2 protein chains.
Amino acid sequence: MKIVDVRVHSIAIADPPLRSSYGLHAPYALRTILELESDDGMTGISETYGGEAPARSLAAISRDVIGQNPYRLTGQLSSMTEGEGSGIERSQTYLVPGENPLDQSTRTYAAVEVACLDLIGKSVGQPVCDLIGGRVRDKVAFSAYPFFKYAGGGGEGDDLREDEYGEVLTPEALVGEVKQMIARYGFGSVKFKGGVLEPDLEIEAVKLLRQEFGGKVPLRIDPNSAWTVDTSVRVGKDIAQELSGGGYLEDPTAGLKNMAQVRKLLMADGIETPLATNVAVTSFADIPEALESDAVQIILCDHHYWGGMRRVQRLAGLCKVFGIGLSMHSNSHLGVSLMAMAHVAAATPHLTYACDTHYPWQSEKDEVVAGGRVSIVDGCVSIGDEPGLGVELDYDQLARGRERFDKCQYRKRDDEAEMRKHVDPNWKRTLPRW
Amino acid sequence: MKIVDVRVHSIAIADPPLRSSYGLHAPYALRTILELESDDGMTGISETYGGEAPARSLAAISRDVIGQNPYRLTGQLSSMTEGEGSGIERSQTYLVPGENPLDQSTRTYAAVEVACLDLIGKSVGQPVCDLIGGRVRDKVAFSAYPFFKYAGGGGEGDDLREDEYGEVLTPEALVGEVKQMIARYGFGSVKFKGGVLEPDLEIEAVKLLRQEFGGKVPLRIDPNSAWTVDTSVRVGKDIAQELSGGGYLEDPTAGLKNMAQVRKLLMADGIETPLATNVAVTSFADIPEALESDAVQIILCDHHYWGGMRRVQRLAGLCKVFGIGLSMHSNSHLGVSLMAMAHVAAATPHLTYACDTHYPWQSEKDEVVAGGRVSIVDGCVSIGDEPGLGVELDYDQLARGRERFDKCQYRKRDDEAEMRKHVDPNWKRTLPRW
């Protein structure tokens, strides 16, 4: 089997006005769909970060991909995963995920790896999870992922997609949002995107969530590095009881050194809430310092920027050795990424927390998966017997996504610019803010 | 595809009277060949440690294997790799490899994993290395593996296999043995099994090897924990120059704490010779202490007892993160194991030293691979385009191996008993001896 064609599709999808410490989600999120076609007429697909840079990187390696055997290609391209640096300047602390030039190469590699695995799976009639070691679970649990947000939905003009949650800018509204999400998807845990309101209001939101759901639904909060060490410690103490029983405090503050300081001060006070991260540790090169300083007790993996499914499995194995928990990071995405996340999760024994997903924030109308959106039932995505990732592309929907990309003005994600445009012309991301 | 039959073959192969700190190799080495037959008439094979215990373990899981899809089986059985303990009592410091009850489960799992991968590879027409991430090299380098030994060859009676090396019990004879091996196989490095003669004689052997080959052939010495910390440091200093340029000092002394002490004392004297091990670190559970104490700079992996090819890849990834070198351990084995070692090595980017192999010590007459022995040319095993492991069984040869097993009196490896029988009725393995 040889790859005879590489197709890279830049698409835009409606995205609601979600808030975070990065700023504001634009009306469109950008994604890239990769297709690898083989000489026997099969097509393997994957989805990755969007905009010009990722598409350009994928187009640039097309000539190394065409003519190759998909079983061997990942080995041939393995040097793409070797240029890892480390340190705060390389992480996503100051850049939104998908816009970090230092992991562009691993992101590109990952998109090719997943599409190769989908192609192989379709060619041999086996699901991707069973090509990479075999599933250890059939159902992959995801968390509810509530955000503070403005009303008005995602998209513009004909693409406007009103969302069902409306404006959510108070602790009480956030609880309402979570209740809606859980009623619809059955999530068994909640990851709350903080770093938007005053810390005291976010503390209140966490306390209200705990009151609402008791200890049955683990609670996580992720202020995206918005807090000082002192604020992190103050909040960590105040909500320690609410985060107990499977919760965590994610990236309260910027950088491994500050995270380590937060951990030390909390532990000195008997607070064992684990600290999680998806920005202070984004590559294997970050791990030794993270371990040595006890800055991080949970890593949020992401097969897109960690360099593919097998590297996520390797990360999981490493985390198991050192007693580090593993969860999974998400960005605005469609069903191809969701299935890839679910397949790697299914074949990763040491996955100790429900995965994140932005999937509920996207609209049926923008889904490129044939047959419509992937189901999340009882908070889980189910892995069946379908070959590859278990999904095919709807080419009409893909074409619409390309049209939206062509006509929208966005070519990269910039939540800060969006905040200035719609909310406050002087807004700047300041770390720490509180 | 479903597995419809499991066949476990206990075989015995002639093994020359090789010496080590464990004692003396018996006239027969024991191996186990596993066959998994699928409902479409294909057969996947693997080779593992021999004797009654490994065969019994494989037979015991047959009912969990029959009826299963080989793509999924490794996931279904993954709990077999989870019972890892750590500490000196679990390691092979005091037990020969393959006789450690604590890694019996991972060894059994590995045999099944490799046979599943061979079956899958044969079913889809792809080499095993390309199923597990893709080859990063086509040629896998192995070391010459000289031993001190008695004359007389391996096997007994009709099975007697005179070897070409005769008695090797002096430093000079050892150099001759290495020259013969290099002339025949083209090895580019030498791993010398010490721990047999007085340390001063082994120092002399290393110095003679360095004189013979200059710095072009990296030299390693493995006394299998025979030395005290003081002797290890004394020898380490004396042969530091000879081991420079890609050599290492393997398991000079027993246990991580003593290894760490040797490292500390050598480093204090400016000697940076890396310490390698295949007995102080034999599972992931051993790694944190090894890293923390700087006891080990190189790990010798072995897909048999580390729990399969994917776990070796995971180990390699972990080693890369922490700057630990990776080489590969060997035991007396035939061509099926050799090809499995070569395939996992081919698909493991972070393999930083030539692998060990006992293969030159085995005889063409005992090989179970169809077409005869696997070639080692310029010190390398080549990976081609043949599906699976690239080898098939010669069933007549396999039957002869079973006959040898049935008629020989050995049911497990016990080098100490063999030493008492043939050399010294009062011999005991004493660690440290010097």
# chains A, B, ... in the order shown; residues from 1 in each chain; ligands from 1
$ residues_around --residues "stretch 97-106 of chain A" --least-positions-apart "5" --cutoff "6 Å" --atoms "only C-alpha atoms" --output "list in words"
Tyr49, Met80, Thr81, Gln92, Tyr305 and Gly307 of chain A
$ residues_around --residues "B:Pro54" --least-positions-apart "6" --cutoff "8 Å" --atoms "only C-alpha atoms" --output "PyMOL selection string"
chain B and resi 32+48+104+107-108
$ interface_residues --of "chain B" --to "chain A" --cutoff "8 Å" --atoms "only C-alpha atoms" --output "VMD selection string"
chain B and resid 71 to 76 78 124 126 130 to 136 284 to 285 287 to 288 310 313 to 314 317 to 318 321 to 322 347 349
$ residues_around --residues "B:Ala29" --least-positions-apart "2" --cutoff "7 Å" --atoms "only C-alpha atoms" --output "JSON list (two decimals) with N, CA, C and O atoms, in the first residue's frame"
[["chain", "number", "residue", "atom", "x", "y", "z"],
["B", 12, "ALA", "N", 15.01, -27.93, 23.57],
["B", 12, "ALA", "CA", 16.35, -27.81, 24.13],
["B", 12, "ALA", "C", 17.33, -27.67, 22.97],
["B", 12, "ALA", "O", 17.15, -28.30, 21.91],
["B", 13, "ILE", "N", 18.33, -26.82, 23.15],
["B", 13, "ILE", "CA", 19.34, -26.60, 22.12],
["B", 13, "ILE", "C", 20.71, -26.72, 22.76],
["B", 13, "ILE", "O", 20.89, -26.38, 23.93],
["B", 14, "ALA", "N", 21.66, -27.20, 21.97],
["B", 14, "ALA", "CA", 23.02, -27.34, 22.50],
["B", 14, "ALA", "C", 23.57, -25.98, 22.90],
["B", 14, "ALA", "O", 23.34, -24.98, 22.21],
["B", 15, "ASP", "N", 24.27, -25.94, 24.01],
["B", 15, "ASP", "CA", 24.83, -24.68, 24.50],
["B", 15, "ASP", "C", 26.23, -24.97, 25.02],
["B", 15, "ASP", "O", 26.43, -25.89, 25.81],
["B", 26, "ALA", "N", 24.68, -25.10, 31.14],
["B", 26, "ALA", "CA", 24.46, -26.54, 30.97],
["B", 26, "ALA", "C", 24.66, -26.93, 29.49],
["B", 26, "ALA", "O", 24.69, -26.05, 28.63],
["B", 27, "PRO", "N", 24.79, -28.21, 29.19],
["B", 27, "PRO", "CA", 24.95, -28.61, 27.78],
["B", 27, "PRO", "C", 23.76, -28.26, 26.90],
["B", 27, "PRO", "O", 23.87, -28.23, 25.69],
["B", 31, "ARG", "N", 14.44, -23.35, 25.54],
["B", 31, "ARG", "CA", 13.65, -22.26, 24.96],
["B", 31, "ARG", "C", 12.21, -22.73, 24.76],
["B", 31, "ARG", "O", 11.94, -23.94, 24.75],
["B", 332, "SER", "N", 20.83, -17.10, 25.74],
["B", 332, "SER", "CA", 20.96, -18.14, 24.70],
["B", 332, "SER", "C", 19.63, -18.22, 23.95],
["B", 332, "SER", "O", 18.58, -18.40, 24.57]]
$ select_by_dssp --residues "stretch 109-310 of chain B" --states "alpha helix (DSSP H)" --output "ChimeraX atom specification"
/B:109-124,171-185,199-213,229-238,256-268,287-292,309-310
$ atom_distance --atom1 "atom CA of B:Pro17" --atom2 "atom CA of B:Glu162"
10.5 Å
$ select_by_dssp --residues "stretch 72-229 of chain A" --states "strand (DSSP E or B)" --output "ChimeraX atom specification"
/A:127,139-142,144,147,149,154,161,168,190-193,219-222
$ closest_residue --among "A:Gly325, A:Gly23, A:Gly245, A:Gly153" --to "A:Leu95" --atoms "only C-alpha atoms"
A:Gly23
$ residues_around --residues "A:Ser382" --least-positions-apart "2" --cutoff "9 Å" --atoms "only C-alpha atoms" --output "list in words"
Asp138, Lys139, Val140, Ala141, Ala342, Ser375, Ile376, Val377, Cys380 and Gly384 of chain A
$ write_last_selection --atoms "N, CA, C and O atoms" --output "compact mmCIF listing (two decimals), in the first residue's frame"
# COMPACT_ATOMS: atom_id res chain seq x y z
N ASP A 138 -13.85 0.22 26.35
CA ASP A 138 -14.73 0.47 25.20
C ASP A 138 -15.39 1.84 25.27
O ASP A 138 -15.83 2.35 24.25
N LYS A 139 -15.49 2.36 26.49
CA LYS A 139 -16.14 3.66 26.67
C LYS A 139 -15.12 4.62 27.26
O LYS A 139 -14.48 4.30 28.28
N VAL A 140 -14.97 5.76 26.63
CA VAL A 140 -14.00 6.76 27.07
C VAL A 140 -14.76 7.93 27.69
O VAL A 140 -15.58 8.56 27.02
N ALA A 141 -14.47 8.20 28.97
CA ALA A 141 -15.20 9.24 29.70
C ALA A 141 -14.62 10.62 29.42
O ALA A 141 -13.40 10.82 29.41
N ALA A 342 -10.60 9.63 21.52
CA ALA A 342 -11.22 8.46 22.15
C ALA A 342 -10.42 7.19 21.86
O ALA A 342 -10.26 6.34 22.74
N SER A 375 -21.83 10.66 19.06
CA SER A 375 -22.64 10.68 20.29
C SER A 375 -21.78 10.63 21.54
O SER A 375 -20.81 9.86 21.60
N ILE A 376 -22.18 11.46 22.51
CA ILE A 376 -21.62 11.34 23.86
C ILE A 376 -22.79 10.92 24.76
O ILE A 376 -23.76 11.66 24.91
N VAL A 377 -22.71 9.72 25.29
CA VAL A 377 -23.81 9.17 26.10
C VAL A 377 -23.24 8.78 27.46
O VAL A 377 -22.19 8.14 27.54
N CYS A 380 -19.70 9.52 27.87
CA CYS A 380 -18.68 8.70 27.22
C CYS A 380 -18.84 8.63 25.70
O CYS A 380 -19.96 8.65 25.19
N GLY A 384 -16.51 1.24 18.90
CA GLY A 384 -17.13 0.02 18.41
C GLY A 384 -16.17 -0.82 17.59
O GLY A 384 -14.97 -0.86 17.87
$ residues_around --residues "B:Glu392" --least-positions-apart "4" --cutoff "9 Å" --atoms "only C-alpha atoms" --output "ChimeraX atom specification"
/B:43-45,336,368-371
$ residues_around --residues "B:Gly51" --least-positions-apart "2" --cutoff "6 Å" --atoms "only C-alpha atoms" --output "list in words"
Leu30, Ala53, Arg411 and Lys412 of chain B
$ closest_residue --among "B:Leu334, B:Val391, B:Ala59, B:Ala111" --to "B:Ser363" --atoms "only C-alpha atoms"
B:Leu334
$ atom_distance --atom1 "atom CA of B:Val296" --atom2 "atom CA of B:Lys264"
11.0 Å
$ atom_distance --atom1 "atom CA of B:Gly335" --atom2 "atom CA of B:Gly195"
27.6 Å
$ residues_around --residues "A:Phe187" --least-positions-apart "2" --cutoff "6 Å" --atoms "only C-alpha atoms" --output "VMD selection string"
chain A and resid 143 to 144 182 185 189 378 to 379
